[in-house]
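A.B. asks: My structure file coords-v7.cif, mmCIF, C-alpha atoms and all ligand atoms, is below:
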```
data_protein
#
loop_
_atom_site.label_atom_id
_atom_site.label_comp_id
_atom_site.auth_asym_id
_atom_site.auth_seq_id
_atom_site.Cartn_x
_atom_site.Cartn_y
_atom_site.Cartn_z
CA MET A 1 -4.55 8.78 22.77
CA SER A 2 -1.98 11.43 21.88
CA THR A 3 0.01 13.00 19.05
CA SER A 4 2.83 10.47 19.51
CA TRP A 5 0.26 7.65 19.35
CA LEU A 6 -0.79 8.93 15.93
CA TYR A 7 2.76 8.43 14.74
CA HIS A 8 3.50 5.10 16.40
CA GLY A 9 0.05 3.62 15.78
CA PHE A 10 -0.80 4.94 12.32
CA GLY A 11 2.42 6.37 10.89
CA VAL A 12 1.02 9.94 10.91
CA ARG A 13 3.62 12.64 11.48
CA GLY A 14 3.27 16.42 11.77
CA TYR A 15 -0.36 16.46 13.01
CA ARG A 16 -1.80 17.42 16.38
CA TYR A 17 -4.25 14.99 17.97
CA VAL A 18 -7.63 16.60 18.72
CA LYS A 19 -10.19 13.98 19.76
CA THR A 20 -11.58 10.47 19.23
CA GLU A 21 -15.22 9.63 18.54
CA TYR A 22 -16.84 6.20 18.48
CA VAL A 23 -19.39 5.94 15.69
CA TRP A 24 -21.28 2.84 14.52
CA GLY A 25 -18.72 0.48 16.03
CA GLY A 26 -15.83 2.33 14.44
CA MET A 27 -13.43 5.06 15.55
CA VAL A 28 -13.01 8.53 14.08
CA ILE A 29 -9.79 10.25 15.15
CA THR A 30 -9.75 13.99 14.54
CA MET A 31 -6.36 15.62 14.01
CA GLU A 32 -5.06 18.92 12.73
CA ARG A 33 -1.99 20.00 10.80
CA PRO A 34 -0.41 23.15 12.33
CA TRP A 35 -0.18 25.50 9.34
CA GLN A 36 2.88 27.33 10.73
CA ALA A 37 5.01 24.25 10.03
CA CYS A 38 3.82 23.81 6.42
CA ARG A 39 5.51 24.81 3.20
CA CYS A 40 4.10 25.75 -0.18
CA VAL A 41 3.57 22.56 -2.21
CA ALA A 42 4.26 24.47 -5.45
CA CYS A 43 7.65 26.07 -4.68
CA GLY A 44 8.63 24.83 -1.21
CA SER A 45 8.67 28.29 0.36
CA GLU A 46 8.07 28.64 4.12
CA ASN A 47 6.61 32.11 3.59
CA VAL A 48 2.93 31.11 3.61
CA TRP A 49 -0.28 32.46 5.12
CA ARG A 50 -3.25 30.35 6.12
CA HIS A 51 -6.14 30.64 3.68
CA GLY A 52 -8.85 28.52 5.31
CA TRP A 53 -9.08 24.82 6.10
CA VAL A 54 -10.14 21.63 4.34
CA VAL A 55 -11.55 18.71 6.35
CA ARG A 56 -11.01 15.26 4.84
CA ARG A 57 -11.61 11.74 6.11
CA PHE A 58 -9.29 8.79 5.41
CA ARG A 59 -9.63 5.13 6.20
CA THR A 60 -6.62 3.73 8.03
CA VAL A 61 -5.60 0.34 9.44
CA PRO A 62 -8.27 -1.20 11.71
CA ILE A 63 -7.86 -2.00 15.38
CA GLY A 64 -9.03 -5.59 15.56
CA ARG A 65 -12.46 -5.65 13.88
CA ARG A 66 -13.01 -1.95 14.55
CA GLU A 67 -12.76 0.33 11.52
CA VAL A 68 -10.64 3.44 12.07
CA PHE A 69 -10.91 6.74 10.20
CA LEU A 70 -8.65 9.77 10.41
CA LYS A 71 -10.50 13.08 10.14
CA ALA A 72 -7.83 15.59 9.16
CA ARG A 73 -8.06 19.40 9.23
CA ILE A 74 -5.67 20.46 6.50
CA PRO A 75 -4.74 24.12 6.01
CA ARG A 76 -5.00 25.86 2.66
CA LEU A 77 -1.92 28.00 2.18
CA ALA A 78 -1.42 31.24 0.27
CA CYS A 79 2.22 31.39 -0.76
CA GLN A 80 3.82 34.82 -0.53
CA ALA A 81 6.69 33.75 -2.77
CA CYS A 82 4.94 32.30 -5.83
CA GLY A 83 1.32 33.39 -5.26
CA ALA A 84 -0.14 29.85 -5.34
CA VAL A 85 -3.07 28.97 -3.06
CA ARG A 86 -2.94 25.24 -2.35
CA GLN A 87 -3.87 22.65 0.21
CA ALA A 88 -0.86 21.67 2.37
CA ALA A 89 0.77 18.33 1.63
CA LEU A 90 -0.89 15.45 3.47
CA GLY A 91 2.16 13.33 4.17
CA PHE A 92 0.31 10.23 5.40
CA ALA A 93 -1.81 9.63 2.27
CA ASP A 94 -1.86 10.15 -1.47
CA ALA A 95 -3.83 13.37 -2.12
CA ARG A 96 -6.19 11.59 -4.57
CA ARG A 97 -7.04 8.63 -2.28
CA THR A 98 -9.41 8.20 0.62
CA TYR A 99 -7.18 5.81 2.57
CA THR A 100 -3.77 6.18 4.18
CA LYS A 101 -0.43 4.79 3.03
CA SER A 102 -0.35 2.51 6.07
CA PHE A 103 -3.77 1.12 5.04
CA GLU A 104 -2.37 0.53 1.57
CA ARG A 105 0.68 -1.32 2.96
CA TYR A 106 -1.56 -3.42 5.21
CA ALA A 107 -3.83 -4.37 2.28
CA LEU A 108 -0.81 -5.37 0.19
CA GLU A 109 0.59 -7.49 3.03
CA LEU A 110 -2.76 -9.29 3.41
CA SER A 111 -2.96 -9.76 -0.37
CA ARG A 112 0.08 -12.02 -0.19
CA HIS A 113 -1.94 -14.54 1.82
CA MET A 114 -5.60 -13.93 0.90
CA THR A 115 -7.79 -13.39 -2.13
CA ILE A 116 -8.83 -9.86 -3.14
CA LYS A 117 -12.39 -10.62 -2.04
CA ALA A 118 -11.27 -11.84 1.39
CA VAL A 119 -9.02 -8.79 1.94
CA ALA A 120 -11.85 -6.45 0.88
CA MET A 121 -14.31 -8.13 3.27
CA HIS A 122 -11.84 -8.07 6.16
CA LEU A 123 -11.05 -4.36 5.67
CA GLY A 124 -14.63 -3.30 4.92
CA VAL A 125 -13.93 -1.86 1.47
CA SER A 126 -14.97 -2.86 -2.03
CA TRP A 127 -13.17 -5.35 -4.27
CA ASP A 128 -12.27 -2.44 -6.57
CA VAL A 129 -10.34 -0.61 -3.84
CA ILE A 130 -8.06 -3.58 -3.16
CA LYS A 131 -7.63 -4.27 -6.87
CA ASP A 132 -6.69 -0.61 -7.42
CA ILE A 133 -4.12 -0.77 -4.58
CA GLN A 134 -2.56 -3.87 -6.15
CA LYS A 135 -2.51 -2.37 -9.65
CA ARG A 136 -0.81 0.82 -8.53
CA TYR A 137 1.75 -1.18 -6.51
CA LEU A 138 2.60 -3.34 -9.54
CA HIS A 139 2.86 -0.23 -11.71
CA ARG A 140 5.26 1.44 -9.25
CA ARG A 141 7.29 -1.74 -8.86
CA PHE A 142 7.60 -2.87 -12.46
CA SER A 143 6.74 -0.03 -14.85
CA ARG A 144 10.30 1.31 -14.99
CA PRO A 145 12.61 -1.72 -14.86
CA LYS A 146 16.35 -1.08 -14.53
CA LEU A 147 17.87 -2.06 -17.86
CA LYS A 148 21.46 -1.09 -17.09
CA PRO A 149 22.45 -4.36 -15.34
CA LEU A 150 21.15 -6.47 -18.24
CA ARG A 151 23.85 -8.43 -20.06
CA GLN A 152 21.86 -11.15 -21.84
CA ILE A 153 18.24 -10.84 -22.90
CA ALA A 154 15.73 -13.16 -24.52
CA ILE A 155 12.80 -11.97 -26.59
CA ASP A 156 9.59 -13.95 -26.94
CA GLU A 157 6.27 -13.21 -28.54
CA ILE A 158 3.07 -14.61 -27.07
CA SER A 159 -0.52 -14.54 -28.19
CA THR A 160 -2.90 -12.74 -25.84
CA GLY A 161 -6.15 -13.85 -27.42
CA LYS A 162 -7.89 -15.13 -30.49
CA GLY A 163 -6.77 -13.81 -33.81
CA HIS A 164 -3.40 -12.15 -34.17
CA GLN A 165 -2.94 -10.17 -30.98
CA TYR A 166 0.58 -10.54 -29.71
CA VAL A 167 2.81 -8.94 -27.09
CA THR A 168 6.57 -9.14 -26.94
CA ILE A 169 8.23 -10.19 -23.67
CA VAL A 170 11.85 -9.24 -22.99
CA MET A 171 13.53 -11.42 -20.34
CA ASP A 172 16.80 -11.28 -18.46
CA LEU A 173 18.39 -14.49 -19.72
CA GLU A 174 20.58 -14.83 -16.62
CA THR A 175 17.87 -14.55 -13.96
CA GLY A 176 14.74 -15.46 -15.92
CA ALA A 177 13.04 -12.26 -14.73
CA VAL A 178 10.86 -10.28 -17.11
CA ALA A 179 12.78 -7.12 -18.01
CA LEU A 180 10.05 -5.49 -20.07
CA PRO A 181 6.58 -6.95 -19.43
CA SER A 182 4.94 -6.13 -22.74
CA VAL A 183 6.13 -4.35 -25.80
CA ALA A 184 3.13 -4.64 -28.05
CA GLY A 185 4.38 -4.71 -31.57
CA HIS A 186 7.61 -2.84 -30.89
CA ALA A 187 11.20 -3.55 -30.04
CA PRO A 188 12.37 -2.07 -26.70
CA GLU A 189 12.90 1.68 -27.05
CA GLU A 190 15.78 1.74 -24.65
CA GLY A 191 18.37 -0.98 -24.51
CA PRO A 192 21.16 -1.72 -22.04
CA GLN A 193 24.53 -0.14 -22.42
CA GLY A 194 27.02 -1.91 -24.66
CA ARG A 195 26.10 -4.79 -26.93
CA PRO A 196 24.04 -7.36 -25.05
CA LEU A 197 23.67 -10.95 -26.07
CA VAL A 198 20.21 -11.41 -27.60
CA ALA A 199 18.34 -14.71 -27.84
CA LEU A 200 15.18 -15.09 -29.89
CA GLU A 201 12.78 -17.84 -28.94
CA THR A 202 11.59 -19.72 -32.00
CA ALA A 203 9.82 -23.06 -31.73
CA GLY A 204 10.87 -23.35 -28.07
CA THR A 205 14.63 -23.18 -28.54
CA PRO A 206 16.58 -19.97 -27.81
CA ARG A 207 18.73 -18.97 -30.78
CA ARG A 208 21.67 -16.62 -30.47
CA LEU A 209 21.51 -13.53 -32.63
CA SER A 210 24.44 -11.50 -31.34
CA PRO A 211 27.19 -10.58 -30.80
ZN ZN B 301 4.99 28.94 -3.45
#
```
Step by step, read the file and then write its structure as structure tokens.
Ligand SMILES: [Zn+2]
C.D. replies:
Amino acid sequence: MSTSWLYHGFGVRGYRYVKTEYVWGGMVITMERPWQACRCVACGSENVWRHGWVVRRFRTVPIGRREVFLKARIPRLACQACGAVRQAALGFADARRTYTKSFERYALELSRHMTIKAVAMHLGVSWDVIKDIQKRYLHRRFSRPKLKPLRQIAIDEISTGKGHQYVTIVMDLETGAVALPSVAGHAPEEGPQGRPLVALETAGTPRRLSP
């Protein structure tokens, strides 16, 4: 295994391969980020000094049935420009997660064909981890819909439970796609440019309101 294998096999760039250990049927790949090539995460300055190391372990995509972990030595940097002392950017993983971006992409790809439980069992993680990956993907993908291309919208109100709990759905009338997933009790704060055609669903039949 080598530094280039880290990149081509696991999508890890900017790290030096150190060693591989085989533990409990899995693999632990140790790698190190050369601090001389790092920048300050606060201001982007290259004028940094090393201020110790942090060792973290991340789950990455398996090789067959063998679990693979990346053990990364990450430098802490003291910035001479802004004075901040921070851990260098990881690059291959979200700083708050214990798995890599490639693991996340793999889990999402499997989720298109398998249940959450099956994906979790296959990857050796809990149901909550896969559910969290899916939730964050959906949030990234749909939380900020592009409203500018909208020309015709339809607004519907649906009940979400017993009693009088309702959410408002705003749809693109031309494509049928949901433009704003839920606007609980409020009209959309930001509308498309110009004066769009608006249809309001009442008793199943869209009714034109404007222009
Ligand atoms: Zn700085």
A.B. asks: What does the distance between atom CA of A:Gly176 and atom CA of A:Ala154 come to in Å, to one decimal place?
C.D. replies: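 Separation of atom CA of A:Gly176 and atom CA of A:Ala154: 9.0 Å.
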A.B. asks: Check every protein, DNA and RNA residue against ligand ZN 301 (chain B), keep those with an atom at most 6 Å away (counting only C-alpha atoms and all ligand atoms), and present them as a list of chain:residue names.
C.D. replies: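 Going residue by residue within 6 Å of ligand ZN 301 (chain B), we get A:Cys40, A:Ala42, A:Cys43, A:Gly44, A:Ser45, A:Cys79, A:Ala81, A:Cys82, A:Ala84.
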A.B. asks: Could you give me, as a ChimeraX atom specification, the residues within 6 Å of stretch 20-29 of chain A, counting all atoms listed in the file and dropping anything in the same chain fewer than 2 positions from it?
C.D. replies: /A:66-71
A.B. asks: I'd like the contact shell of A:Glu104 - 9 Å cut-off, all atoms listed in the file, skipping same-chain residues fewer than 6 positions apart - returned as a PyMOL selection string.
C.D. replies: chain A and resi 60-61+130+133-134
A.B. asks: Could you tell me how far atom CA of A:Arg59 sits from atom CA of A:Ala78, in Å to one decimal place?
C.D. replies: 28.0 Å
A.B. asks: Measure the distance from atom CA of A:Ala88 to atom CA of A:Arg13 in Å and round it to one decimal.
C.D. replies: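 It comes out at 13.6 Å.
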A.B. asks: Would you please work out which residue, of A:Arg57, A:His122, A:His8, A:His164, is nearest to A:Ala93 when using all atoms listed in the file?
C.D. replies: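 Counting all atoms listed in the file, the residue closest to A:Ala93 is A:Arg57.
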A.B. asks: Applying 12 Å and all atoms listed in the file, which residues near A:Trp5 remain after dropping the ones on its own chain fewer than 2 positions away? List them as a list of chain:residue names.
C.D. replies: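 My reading of the contact set: A:Met1, A:Ser2, A:Thr3, A:Tyr7, A:His8, A:Gly9, A:Phe10, A:Gly11, A:Val12, A:Arg13, A:Gly14, A:Tyr15, A:Arg16, A:Tyr17, A:Val18, A:Ile29, A:Met31.
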A.B. asks: Of the residues A:Gln152, A:Ser111, A:Thr98, A:Thr160, which is the one nearest to A:Ala177, using only C-alpha atoms?
C.D. replies: A:Gln152
A.B. asks: Would you give the centre and edge lengths, in Å to one decimal, of a box along x, y and z around the listed atoms of stretch 80-90 of chain A, with 3 Å added to each side, as lines of an AutoDock Vina configuration file?
C.D. replies:
```
center_x = 1.4
center_y = 25.1
center_z = -1.2
size_x = 16.6
size_y = 25.4
size_z = 15.3
```
A.B. asks: For A:Pro75, please output as a list of chain:residue names all residues within 7 Å (counting all atoms listed in the file; exclusion window: fewer than 2 positions along the same chain).
C.D. replies: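 Listed by chain and then number, they are A:Arg33, A:Trp35, A:Arg50, A:Gly52, A:Trp53, A:Val54, A:Arg73, A:Leu77, A:Gln87, A:Ala88.
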A.B. asks: Have a look at A:Gly91, A:Leu138, A:Ser126, A:Gln165 and name the one nearest to A:Leu108; count all atoms listed in the file.
C.D. replies: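 Checking each of A:Gly91, A:Leu138, A:Ser126, A:Gln165 against A:Leu108, counting all atoms listed in the file, the winner is A:Leu138.
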A.B. asks: Find the residues around A:Gly124 up to 10 Å (all atoms listed in the file counted), leave out those fewer than 3 positions away in its own chain, and share them as a ChimeraX atom specification.
C.D. replies: /A:59,62,65-67,118-121,127
A.B. asks: Keeping only C-alpha atoms, take the residues you just selected and write them out as an mmCIF file, keeping the file's coordinate frame.
C.D. replies:
```cif
data_model
loop_
_atom_site.group_PDB
_atom_site.id
_atom_site.type_symbol
_atom_site.label_atom_id
_atom_site.label_comp_id
_atom_site.auth_asym_id
_atom_site.auth_seq_id
_atom_site.Cartn_x
_atom_site.Cartn_y
_atom_site.Cartn_z
ATOM 1 C CA ARG A 59 -9.630 5.130 6.200
ATOM 2 C CA PRO A 62 -8.270 -1.200 11.710
ATOM 3 C CA ARG A 65 -12.460 -5.650 13.880
ATOM 4 C CA ARG A 66 -13.010 -1.950 14.550
ATOM 5 C CA GLU A 67 -12.760 0.330 11.520
ATOM 6 C CA ALA A 118 -11.270 -11.840 1.390
ATOM 7 C CA VAL A 119 -9.020 -8.790 1.940
ATOM 8 C CA ALA A 120 -11.850 -6.450 0.880
ATOM 9 C CA MET A 121 -14.310 -8.130 3.270
ATOM 10 C CA TRP A 127 -13.170 -5.350 -4.270
#
```
